[in-house]
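A.B. asks: Below is my_file_26.txt; it holds compact mmCIF, N, CA and C atoms.
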```
# COMPACT_ATOMS: atom_id res chain seq x y z
N MET Z 18 57.05 6.83 -104.72
CA MET Z 18 58.13 5.88 -104.72
C MET Z 18 58.56 5.52 -103.29
N VAL Z 19 58.64 6.53 -102.43
CA VAL Z 19 59.03 6.31 -101.04
C VAL Z 19 58.03 5.38 -100.35
N ARG Z 20 56.73 5.55 -100.66
CA ARG Z 20 55.70 4.68 -100.08
C ARG Z 20 55.94 3.23 -100.46
N TYR Z 21 56.30 2.98 -101.70
CA TYR Z 21 56.53 1.62 -102.15
C TYR Z 21 57.75 1.00 -101.49
N VAL Z 22 58.81 1.79 -101.35
CA VAL Z 22 60.02 1.30 -100.70
C VAL Z 22 59.73 1.00 -99.24
N SER Z 23 59.02 1.87 -98.54
CA SER Z 23 58.67 1.65 -97.14
C SER Z 23 57.81 0.39 -97.00
N PHE Z 24 56.85 0.21 -97.89
CA PHE Z 24 56.00 -0.98 -97.85
C PHE Z 24 56.84 -2.24 -98.05
N PHE Z 25 57.76 -2.20 -99.02
CA PHE Z 25 58.61 -3.34 -99.30
C PHE Z 25 59.50 -3.68 -98.10
N VAL Z 26 60.09 -2.68 -97.46
CA VAL Z 26 60.93 -2.90 -96.28
C VAL Z 26 60.10 -3.51 -95.16
N CYS Z 27 58.93 -3.00 -94.91
CA CYS Z 27 58.05 -3.55 -93.86
C CYS Z 27 57.67 -4.98 -94.18
N LEU Z 28 57.37 -5.25 -95.43
CA LEU Z 28 57.00 -6.60 -95.86
C LEU Z 28 58.17 -7.56 -95.65
N MET Z 29 59.37 -7.15 -95.99
CA MET Z 29 60.55 -8.01 -95.83
C MET Z 29 60.84 -8.28 -94.35
N LEU Z 30 60.66 -7.28 -93.50
CA LEU Z 30 60.87 -7.49 -92.07
C LEU Z 30 59.85 -8.47 -91.52
N THR Z 31 58.61 -8.36 -91.98
CA THR Z 31 57.57 -9.28 -91.52
C THR Z 31 57.88 -10.71 -91.98
N VAL Z 32 58.27 -10.87 -93.21
CA VAL Z 32 58.61 -12.19 -93.73
C VAL Z 32 59.82 -12.74 -92.99
N ASP Z 33 60.82 -11.91 -92.76
CA ASP Z 33 62.02 -12.35 -92.05
C ASP Z 33 61.70 -12.83 -90.65
N LEU Z 34 60.89 -12.07 -89.90
CA LEU Z 34 60.53 -12.45 -88.55
C LEU Z 34 59.68 -13.71 -88.55
N GLY Z 35 58.87 -13.89 -89.57
CA GLY Z 35 58.02 -15.06 -89.64
C GLY Z 35 58.78 -16.35 -89.79
N LEU Z 36 60.01 -16.30 -90.29
CA LEU Z 36 60.80 -17.49 -90.50
C LEU Z 36 61.77 -17.78 -89.36
N SER Z 37 61.87 -16.91 -88.39
CA SER Z 37 62.86 -17.10 -87.34
C SER Z 37 62.33 -17.99 -86.22
N LEU Z 38 63.25 -18.64 -85.55
CA LEU Z 38 62.95 -19.55 -84.46
C LEU Z 38 62.43 -18.78 -83.25
N VAL Z 39 61.49 -19.37 -82.52
CA VAL Z 39 60.96 -18.77 -81.30
C VAL Z 39 61.37 -19.65 -80.12
N CYS Z 40 62.03 -19.05 -79.14
CA CYS Z 40 62.50 -19.78 -77.96
C CYS Z 40 61.96 -19.14 -76.69
N TYR Z 41 61.96 -19.91 -75.62
CA TYR Z 41 61.72 -19.33 -74.31
C TYR Z 41 63.03 -18.71 -73.85
N THR Z 42 62.92 -17.62 -73.08
CA THR Z 42 64.11 -17.00 -72.52
C THR Z 42 63.90 -16.78 -71.02
N CYS Z 43 64.92 -17.08 -70.26
CA CYS Z 43 64.85 -16.92 -68.81
C CYS Z 43 66.27 -16.96 -68.26
N THR Z 44 66.51 -16.19 -67.22
CA THR Z 44 67.77 -16.21 -66.50
C THR Z 44 67.43 -16.22 -65.02
N SER Z 45 68.02 -17.16 -64.28
CA SER Z 45 67.68 -17.27 -62.87
C SER Z 45 68.79 -17.97 -62.10
N THR Z 46 68.82 -17.75 -60.79
CA THR Z 46 69.70 -18.50 -59.90
C THR Z 46 68.91 -19.55 -59.14
N ASN Z 47 67.65 -19.69 -59.48
CA ASN Z 47 66.77 -20.69 -58.87
C ASN Z 47 66.43 -21.72 -59.94
N VAL Z 48 66.79 -22.99 -59.73
CA VAL Z 48 66.60 -24.01 -60.76
C VAL Z 48 65.14 -24.23 -61.12
N HIS Z 49 64.23 -23.92 -60.24
CA HIS Z 49 62.81 -24.14 -60.53
C HIS Z 49 62.14 -22.93 -61.16
N SER Z 50 62.76 -21.78 -61.08
CA SER Z 50 62.15 -20.55 -61.55
C SER Z 50 61.83 -20.57 -63.05
N CYS Z 51 62.76 -21.01 -63.87
CA CYS Z 51 62.55 -21.02 -65.32
C CYS Z 51 61.58 -22.11 -65.77
N LEU Z 52 61.28 -23.05 -64.88
CA LEU Z 52 60.33 -24.10 -65.22
C LEU Z 52 58.89 -23.61 -65.09
N VAL Z 53 58.69 -22.52 -64.37
CA VAL Z 53 57.36 -21.94 -64.18
C VAL Z 53 57.05 -21.05 -65.38
N ALA Z 54 55.95 -21.33 -66.04
CA ALA Z 54 55.60 -20.61 -67.27
C ALA Z 54 55.53 -19.09 -67.06
N ALA Z 55 55.09 -18.65 -65.90
CA ALA Z 55 54.95 -17.21 -65.64
C ALA Z 55 56.31 -16.50 -65.60
N ASN Z 56 57.38 -17.24 -65.37
CA ASN Z 56 58.71 -16.63 -65.27
C ASN Z 56 59.47 -16.63 -66.60
N ARG Z 57 58.87 -17.23 -67.63
CA ARG Z 57 59.53 -17.29 -68.93
C ARG Z 57 58.91 -16.28 -69.88
N GLN Z 58 59.74 -15.77 -70.76
CA GLN Z 58 59.29 -14.92 -71.85
C GLN Z 58 59.57 -15.68 -73.14
N THR Z 59 59.00 -15.20 -74.22
CA THR Z 59 59.36 -15.77 -75.52
C THR Z 59 60.15 -14.73 -76.29
N VAL Z 60 61.02 -15.21 -77.15
CA VAL Z 60 61.84 -14.32 -77.95
C VAL Z 60 61.98 -14.91 -79.35
N ARG Z 61 61.89 -14.03 -80.34
CA ARG Z 61 62.16 -14.43 -81.72
C ARG Z 61 63.65 -14.26 -81.93
N CYS Z 62 64.31 -15.33 -82.30
CA CYS Z 62 65.77 -15.32 -82.37
C CYS Z 62 66.33 -14.52 -83.53
N GLY Z 63 65.58 -14.32 -84.56
CA GLY Z 63 66.12 -13.66 -85.74
C GLY Z 63 66.79 -14.67 -86.64
N ARG Z 64 67.13 -14.26 -87.80
CA ARG Z 64 67.76 -15.18 -88.75
C ARG Z 64 69.26 -15.11 -88.62
N ALA Z 65 69.89 -16.26 -88.64
CA ALA Z 65 71.34 -16.32 -88.53
C ALA Z 65 71.98 -15.93 -89.85
N ALA Z 66 73.18 -15.43 -89.79
CA ALA Z 66 73.95 -15.08 -91.00
C ALA Z 66 74.27 -16.36 -91.78
N PRO Z 67 74.58 -16.23 -93.04
CA PRO Z 67 74.95 -17.41 -93.83
C PRO Z 67 76.11 -18.17 -93.17
N GLY Z 68 76.00 -19.47 -93.13
CA GLY Z 68 77.03 -20.30 -92.50
C GLY Z 68 76.77 -20.55 -91.02
N TYR Z 69 75.71 -19.98 -90.49
CA TYR Z 69 75.36 -20.16 -89.09
C TYR Z 69 73.92 -20.64 -88.99
N THR Z 70 73.57 -21.16 -87.82
CA THR Z 70 72.20 -21.59 -87.58
C THR Z 70 71.79 -21.17 -86.17
N THR Z 71 70.50 -21.14 -85.92
CA THR Z 71 69.97 -20.71 -84.63
C THR Z 71 69.37 -21.91 -83.90
N LEU Z 72 69.65 -22.01 -82.62
CA LEU Z 72 69.10 -23.07 -81.77
C LEU Z 72 68.50 -22.45 -80.52
N CYS Z 73 67.57 -23.16 -79.91
CA CYS Z 73 67.09 -22.80 -78.57
C CYS Z 73 67.93 -23.59 -77.57
N SER Z 74 68.15 -23.02 -76.40
CA SER Z 74 68.95 -23.72 -75.39
C SER Z 74 68.33 -23.58 -74.01
N TYR Z 75 68.62 -24.56 -73.18
CA TYR Z 75 68.28 -24.53 -71.76
C TYR Z 75 69.48 -25.13 -71.05
N ILE Z 76 70.22 -24.30 -70.30
CA ILE Z 76 71.45 -24.75 -69.64
C ILE Z 76 71.36 -24.43 -68.15
N GLU Z 77 71.52 -25.47 -67.35
CA GLU Z 77 71.43 -25.35 -65.90
C GLU Z 77 72.76 -25.80 -65.31
N THR Z 78 73.44 -24.90 -64.62
CA THR Z 78 74.75 -25.22 -64.03
C THR Z 78 74.74 -24.96 -62.53
N TYR Z 79 75.71 -25.57 -61.86
CA TYR Z 79 75.90 -25.36 -60.43
C TYR Z 79 77.37 -25.05 -60.18
N ASP Z 80 77.62 -23.98 -59.43
CA ASP Z 80 78.97 -23.59 -59.06
C ASP Z 80 79.21 -24.08 -57.62
N PRO Z 81 80.00 -25.14 -57.45
CA PRO Z 81 80.21 -25.69 -56.10
C PRO Z 81 81.00 -24.77 -55.17
N TYR Z 82 81.78 -23.87 -55.73
CA TYR Z 82 82.57 -22.96 -54.89
C TYR Z 82 81.72 -21.84 -54.33
N ARG Z 83 80.84 -21.30 -55.15
CA ARG Z 83 79.94 -20.23 -54.70
C ARG Z 83 78.62 -20.79 -54.18
N ARG Z 84 78.41 -22.09 -54.40
CA ARG Z 84 77.17 -22.79 -54.00
C ARG Z 84 75.95 -22.09 -54.59
N MET Z 85 76.03 -21.85 -55.90
CA MET Z 85 74.95 -21.16 -56.60
C MET Z 85 74.60 -21.88 -57.90
N TYR Z 86 73.32 -21.86 -58.22
CA TYR Z 86 72.84 -22.35 -59.50
C TYR Z 86 72.74 -21.20 -60.48
N ASP Z 87 72.83 -21.53 -61.75
CA ASP Z 87 72.62 -20.55 -62.81
C ASP Z 87 71.83 -21.25 -63.91
N VAL Z 88 70.71 -20.67 -64.28
CA VAL Z 88 69.88 -21.22 -65.34
C VAL Z 88 69.77 -20.18 -66.44
N GLN Z 89 70.05 -20.60 -67.67
CA GLN Z 89 69.99 -19.72 -68.83
C GLN Z 89 69.18 -20.42 -69.92
N ALA Z 90 68.16 -19.78 -70.39
CA ALA Z 90 67.38 -20.30 -71.52
C ALA Z 90 67.29 -19.20 -72.55
N GLY Z 91 67.38 -19.56 -73.82
CA GLY Z 91 67.28 -18.54 -74.86
C GLY Z 91 67.77 -19.04 -76.20
N CYS Z 92 68.21 -18.10 -77.02
CA CYS Z 92 68.68 -18.39 -78.38
C CYS Z 92 70.21 -18.51 -78.39
N GLN Z 93 70.69 -19.38 -79.27
CA GLN Z 93 72.12 -19.53 -79.49
C GLN Z 93 72.36 -19.50 -81.00
N ILE Z 94 73.30 -18.71 -81.43
CA ILE Z 94 73.69 -18.72 -82.85
C ILE Z 94 75.00 -19.48 -82.93
N VAL Z 95 75.00 -20.54 -83.73
CA VAL Z 95 76.14 -21.45 -83.79
C VAL Z 95 76.56 -21.68 -85.24
N SER Z 96 77.76 -22.19 -85.41
CA SER Z 96 78.28 -22.50 -86.74
C SER Z 96 77.41 -23.55 -87.41
N GLY Z 97 77.06 -23.31 -88.64
CA GLY Z 97 76.24 -24.25 -89.39
C GLY Z 97 77.00 -25.45 -89.90
N VAL Z 98 78.32 -25.44 -89.77
CA VAL Z 98 79.11 -26.56 -90.26
C VAL Z 98 79.49 -27.54 -89.15
N ASP Z 99 79.34 -27.14 -87.89
CA ASP Z 99 79.64 -28.03 -86.78
C ASP Z 99 78.56 -29.09 -86.63
N THR Z 100 78.94 -30.26 -86.15
CA THR Z 100 77.95 -31.29 -85.85
C THR Z 100 77.26 -30.93 -84.54
N MET Z 101 76.12 -31.55 -84.29
CA MET Z 101 75.39 -31.27 -83.04
C MET Z 101 76.24 -31.68 -81.84
N THR Z 102 77.03 -32.73 -81.96
CA THR Z 102 77.91 -33.16 -80.87
C THR Z 102 78.95 -32.09 -80.56
N THR Z 103 79.53 -31.50 -81.58
CA THR Z 103 80.52 -30.43 -81.39
C THR Z 103 79.88 -29.20 -80.76
N ILE Z 104 78.71 -28.83 -81.26
CA ILE Z 104 77.99 -27.68 -80.72
C ILE Z 104 77.65 -27.92 -79.25
N GLN Z 105 77.15 -29.12 -78.95
CA GLN Z 105 76.79 -29.43 -77.57
C GLN Z 105 78.02 -29.37 -76.67
N HIS Z 106 79.14 -29.88 -77.14
CA HIS Z 106 80.36 -29.83 -76.35
C HIS Z 106 80.78 -28.38 -76.08
N LYS Z 107 80.70 -27.53 -77.09
CA LYS Z 107 81.09 -26.12 -76.93
C LYS Z 107 80.18 -25.39 -75.94
N LEU Z 108 78.87 -25.61 -76.05
CA LEU Z 108 77.92 -24.86 -75.22
C LEU Z 108 77.69 -25.48 -73.85
N CYS Z 109 77.88 -26.79 -73.74
CA CYS Z 109 77.52 -27.49 -72.49
C CYS Z 109 78.72 -27.80 -71.61
N SER Z 110 79.91 -27.50 -72.05
CA SER Z 110 81.10 -27.71 -71.23
C SER Z 110 81.43 -26.40 -70.53
N LYS Z 111 81.36 -26.43 -69.23
CA LYS Z 111 81.61 -25.23 -68.44
C LYS Z 111 82.70 -25.53 -67.41
N PRO Z 112 83.91 -25.02 -67.60
CA PRO Z 112 84.99 -25.28 -66.64
C PRO Z 112 84.61 -24.86 -65.22
N ASN Z 113 84.94 -25.70 -64.27
CA ASN Z 113 84.70 -25.45 -62.84
C ASN Z 113 83.23 -25.42 -62.44
N LEU Z 114 82.33 -25.77 -63.34
CA LEU Z 114 80.91 -25.81 -63.03
C LEU Z 114 80.38 -27.22 -63.28
N THR Z 115 79.35 -27.58 -62.55
CA THR Z 115 78.65 -28.84 -62.79
C THR Z 115 77.47 -28.52 -63.70
N VAL Z 116 77.41 -29.14 -64.85
CA VAL Z 116 76.29 -28.94 -65.78
C VAL Z 116 75.23 -29.98 -65.46
N ASN Z 117 74.11 -29.52 -64.90
CA ASN Z 117 73.02 -30.44 -64.56
C ASN Z 117 72.15 -30.76 -65.76
N LYS Z 118 71.87 -29.77 -66.58
CA LYS Z 118 71.05 -29.97 -67.77
C LYS Z 118 71.59 -29.08 -68.89
N CYS Z 119 71.57 -29.61 -70.08
CA CYS Z 119 71.94 -28.83 -71.25
C CYS Z 119 71.16 -29.37 -72.43
N ARG Z 120 70.15 -28.62 -72.84
CA ARG Z 120 69.32 -29.03 -73.97
C ARG Z 120 69.46 -28.02 -75.09
N LEU Z 121 69.68 -28.52 -76.28
CA LEU Z 121 69.74 -27.70 -77.48
C LEU Z 121 68.74 -28.29 -78.47
N CYS Z 122 67.98 -27.43 -79.12
CA CYS Z 122 66.95 -27.91 -80.04
C CYS Z 122 66.66 -26.84 -81.09
N ALA Z 123 65.95 -27.23 -82.13
CA ALA Z 123 65.77 -26.32 -83.27
C ALA Z 123 64.33 -26.19 -83.74
N THR Z 124 63.37 -26.32 -82.81
CA THR Z 124 61.97 -26.08 -83.17
C THR Z 124 61.39 -25.05 -82.20
N ASP Z 125 60.35 -24.37 -82.63
CA ASP Z 125 59.74 -23.33 -81.79
C ASP Z 125 59.35 -23.87 -80.41
N TYR Z 126 59.69 -23.12 -79.38
CA TYR Z 126 59.34 -23.41 -77.98
C TYR Z 126 59.88 -24.73 -77.47
N CYS Z 127 60.92 -25.26 -78.06
CA CYS Z 127 61.44 -26.58 -77.68
C CYS Z 127 62.27 -26.56 -76.41
N ASN Z 128 62.65 -25.38 -75.91
CA ASN Z 128 63.50 -25.33 -74.71
C ASN Z 128 62.69 -25.06 -73.45
N GLY Z 129 61.43 -25.44 -73.47
CA GLY Z 129 60.58 -25.31 -72.29
C GLY Z 129 60.72 -26.52 -71.39
N VAL Z 130 59.73 -26.75 -70.57
CA VAL Z 130 59.74 -27.86 -69.61
C VAL Z 130 59.65 -29.19 -70.35
N HIS Z 131 60.52 -30.13 -69.95
CA HIS Z 131 60.49 -31.48 -70.53
C HIS Z 131 60.30 -32.49 -69.44
```
Turn this file's structure into structure tokens for me.
C.D. replies:
Amino acid sequence: MVRYVSFFVCLMLTVDLGLSLVCYTCTSTNVHSCLVAANRQTVRCGRAAPGYTTLCSYIETYDPYRRMYDVQAGCQIVSGVDTMTTIQHKLCSKPNLTVNKCRLCATDYCNGVH
């Protein structure tokens, strides 16, 4: 019986991972670093809880006071009831920072180089 339960759990984990979104992930203070394929990793985002959805993101900001860039690429879990405009406003509005790029998308590997 334990063998069957273990097999079922493994099967469910495999099926669950197979349905999750795959995004590039990268964190850098160099705006060009995440654009280089060798500097990016891939990550399976996992399945969002009911009422939520998963997106890939690429957000590039500049802090004029510290004179530094910040690039973040990866998975975002967001409310499934918000419109894309609302989600974009929430994730792409950064007080005191200049947002140079902010891309949100919902297909595998969509947050790579465009």
A.B. asks: Taking (58.8, -14.9, -73.4) in the coordinates of the supplied file, I want to know which residues reach to within 7 Å of it, counting only C-alpha atoms; could you give the answer as a PDB file with N, CA and C atoms, in the coordinates of the input?
C.D. replies:
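Output contents, as saved in out.pdb:
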```pdb
ATOM      1  N   TYR Z  41      61.960 -19.910 -75.620  1.00  0.00           N
ATOM      2  CA  TYR Z  41      61.720 -19.330 -74.310  1.00  0.00           C
ATOM      3  C   TYR Z  41      63.030 -18.710 -73.850  1.00  0.00           C
ATOM      4  N   THR Z  42      62.920 -17.620 -73.080  1.00  0.00           N
ATOM      5  CA  THR Z  42      64.110 -17.000 -72.520  1.00  0.00           C
ATOM      6  C   THR Z  42      63.900 -16.780 -71.020  1.00  0.00           C
ATOM      7  N   ARG Z  57      58.870 -17.230 -67.630  1.00  0.00           N
ATOM      8  CA  ARG Z  57      59.530 -17.290 -68.930  1.00  0.00           C
ATOM      9  C   ARG Z  57      58.910 -16.280 -69.880  1.00  0.00           C
ATOM     10  N   GLN Z  58      59.740 -15.770 -70.760  1.00  0.00           N
ATOM     11  CA  GLN Z  58      59.290 -14.920 -71.850  1.00  0.00           C
ATOM     12  C   GLN Z  58      59.570 -15.680 -73.140  1.00  0.00           C
ATOM     13  N   THR Z  59      59.000 -15.200 -74.220  1.00  0.00           N
ATOM     14  CA  THR Z  59      59.360 -15.770 -75.520  1.00  0.00           C
ATOM     15  C   THR Z  59      60.150 -14.730 -76.290  1.00  0.00           C
ATOM     16  N   VAL Z  60      61.020 -15.210 -77.150  1.00  0.00           N
ATOM     17  CA  VAL Z  60      61.840 -14.320 -77.950  1.00  0.00           C
ATOM     18  C   VAL Z  60      61.980 -14.910 -79.350  1.00  0.00           C
TER      19      VAL Z  60
END
```
A.B. asks: Could you pull out every residue with an atom within 6.5 Å of (65.1, -25.1, -83.4), file coordinates, counting all atoms listed in the file, and send them as a ChimeraX atom specification?
C.D. replies: /Z:38,71-73,122-125
A.B. asks: Measuring atom to atom with only C-alpha atoms, identify which of Z:Ala54, Z:Asp99, Z:Tyr86, Z:Cys40 is nearest to Tyr126 (chain Z).
C.D. replies: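 Smallest distance to Tyr126 (chain Z) is found for Z:Cys40.
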A.B. asks: What does the structure give for the distance between atom C of Ser37 (chain Z) and atom C of Lys111 (chain Z), in Å to one decimal?
C.D. replies: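 Computed distance, atom C of Ser37 (chain Z) to atom C of Lys111 (chain Z), equals 28.7 Å.
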A.B. asks: When DSSP is applied to the backbone of this structure, which of chain Z are assigned strand (DSSP E or B)? Write them out as a PyMOL selection string.
C.D. replies: chain Z and resi 39-45+58-61+69-80+85-96+115-122
A.B. asks: Just the alpha helix (DSSP H) stuff from chain Z, please, per backbone DSSP, written as number ranges by chain.
C.D. replies: Z: 19-35, 101-109
A.B. asks: Report, in Å with one decimal, the straight-line distance from atom N of Val48 (chain Z) to atom C of Thr70 (chain Z).
C.D. replies: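 Pair atom N of Val48 (chain Z) / atom C of Thr70 (chain Z) returns 27.0 Å.
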A.B. asks: Quick one, how far is atom N of His49 (chain Z) from CA of Ser110 (chain Z)?
C.D. replies: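 Between atom N of His49 (chain Z) and CA of Ser110 (chain Z) the gap works out to 20.5 Å.
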A.B. asks: Of the candidates Z:Gln89, Z:Ser74, Z:Ser45, Z:Asn117, which one gets nearest to Gln105 (chain Z) if we count only C-alpha atoms?
C.D. replies: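 Of all the options, Z:Ser74 lies closest to Gln105 (chain Z).
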A.B. asks: Neighbours of region 107-109 of chain Z within 8 Å (only N, CA and C atoms; same-chain residues fewer than 2 positions away dropped), as a list in words?
C.D. replies: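 Here the answer would be Ile76, Met101, Thr102, Thr103, Ile104, Gln105, Lys111, Pro112, Val116, Lys118, Cys119 and Arg120 of chain Z.
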A.B. asks: Could you complete region 97-107 of chain Z so that it carries all heavy atoms, and give it back as a tab-separated table (two decimals), keeping the file's coordinate frame?
C.D. replies:
```tsv
chain	number	residue	atom	x	y	z
Z	97	GLY	N	77.06	-23.31	-88.64
Z	97	GLY	CA	76.24	-24.25	-89.39
Z	97	GLY	C	77.00	-25.45	-89.90
Z	97	GLY	O	76.41	-26.41	-90.38
Z	98	VAL	N	78.32	-25.44	-89.77
Z	98	VAL	CA	79.11	-26.56	-90.26
Z	98	VAL	C	79.49	-27.54	-89.15
Z	98	VAL	O	79.89	-28.67	-89.44
Z	98	VAL	CB	80.40	-26.09	-91.00
Z	98	VAL	CG1	80.05	-25.28	-92.23
Z	98	VAL	CG2	81.29	-25.30	-90.07
Z	99	ASP	N	79.34	-27.14	-87.89
Z	99	ASP	CA	79.64	-28.03	-86.78
Z	99	ASP	C	78.56	-29.09	-86.63
Z	99	ASP	O	77.38	-28.83	-86.90
Z	99	ASP	CB	79.75	-27.26	-85.46
Z	99	ASP	CG	81.03	-26.46	-85.34
Z	99	ASP	OD1	81.97	-26.74	-86.11
Z	99	ASP	OD2	81.09	-25.56	-84.49
Z	100	THR	N	78.94	-30.26	-86.15
Z	100	THR	CA	77.95	-31.29	-85.85
Z	100	THR	C	77.26	-30.93	-84.54
Z	100	THR	O	77.77	-30.13	-83.75
Z	100	THR	CB	78.62	-32.67	-85.70
Z	100	THR	OG1	79.49	-32.62	-84.54
Z	100	THR	CG2	79.40	-33.06	-86.94
Z	101	MET	N	76.12	-31.55	-84.29
Z	101	MET	CA	75.39	-31.27	-83.04
Z	101	MET	C	76.24	-31.68	-81.84
Z	101	MET	O	76.23	-31.01	-80.81
Z	101	MET	CB	74.05	-32.00	-83.04
Z	101	MET	CG	73.17	-31.56	-81.90
Z	101	MET	SD	72.88	-29.78	-81.93
Z	101	MET	CE	71.18	-29.71	-81.49
Z	102	THR	N	77.03	-32.73	-81.96
Z	102	THR	CA	77.91	-33.16	-80.87
Z	102	THR	C	78.95	-32.09	-80.56
Z	102	THR	O	79.19	-31.77	-79.39
Z	102	THR	CB	78.62	-34.49	-81.24
Z	102	THR	OG1	77.62	-35.46	-81.54
Z	102	THR	CG2	79.51	-34.98	-80.13
Z	103	THR	N	79.53	-31.50	-81.58
Z	103	THR	CA	80.52	-30.43	-81.39
Z	103	THR	C	79.88	-29.20	-80.76
Z	103	THR	O	80.43	-28.61	-79.83
Z	103	THR	CB	81.18	-30.06	-82.73
Z	103	THR	OG1	81.79	-31.22	-83.28
Z	103	THR	CG2	82.23	-28.98	-82.56
Z	104	ILE	N	78.71	-28.83	-81.26
Z	104	ILE	CA	77.99	-27.68	-80.72
Z	104	ILE	C	77.65	-27.92	-79.25
Z	104	ILE	O	77.85	-27.05	-78.40
Z	104	ILE	CB	76.72	-27.39	-81.54
Z	104	ILE	CG1	77.11	-26.92	-82.95
Z	104	ILE	CG2	75.84	-26.37	-80.84
Z	104	ILE	CD1	75.96	-26.90	-83.93
Z	105	GLN	N	77.15	-29.12	-78.95
Z	105	GLN	CA	76.79	-29.43	-77.57
Z	105	GLN	C	78.02	-29.37	-76.67
Z	105	GLN	O	77.95	-28.86	-75.55
Z	105	GLN	CB	76.13	-30.81	-77.51
Z	105	GLN	CG	75.29	-30.99	-76.28
Z	105	GLN	CD	74.22	-32.03	-76.49
Z	105	GLN	OE1	74.30	-32.86	-77.39
Z	105	GLN	NE2	73.22	-31.99	-75.66
Z	106	HIS	N	79.14	-29.88	-77.14
Z	106	HIS	CA	80.36	-29.83	-76.35
Z	106	HIS	C	80.78	-28.38	-76.08
Z	106	HIS	O	81.15	-28.03	-74.96
Z	106	HIS	CB	81.49	-30.59	-77.05
Z	106	HIS	CG	82.78	-30.55	-76.30
Z	106	HIS	ND1	82.98	-31.25	-75.14
Z	106	HIS	CD2	83.92	-29.87	-76.53
Z	106	HIS	CE1	84.19	-31.01	-74.68
Z	106	HIS	NE2	84.79	-30.17	-75.52
Z	107	LYS	N	80.70	-27.53	-77.09
Z	107	LYS	CA	81.09	-26.12	-76.93
Z	107	LYS	C	80.18	-25.39	-75.94
Z	107	LYS	O	80.64	-24.60	-75.12
Z	107	LYS	CB	81.06	-25.40	-78.27
Z	107	LYS	CG	82.19	-25.77	-79.20
Z	107	LYS	CD	82.06	-25.03	-80.52
Z	107	LYS	CE	83.16	-25.39	-81.49
Z	107	LYS	NZ	82.99	-24.72	-82.80
```
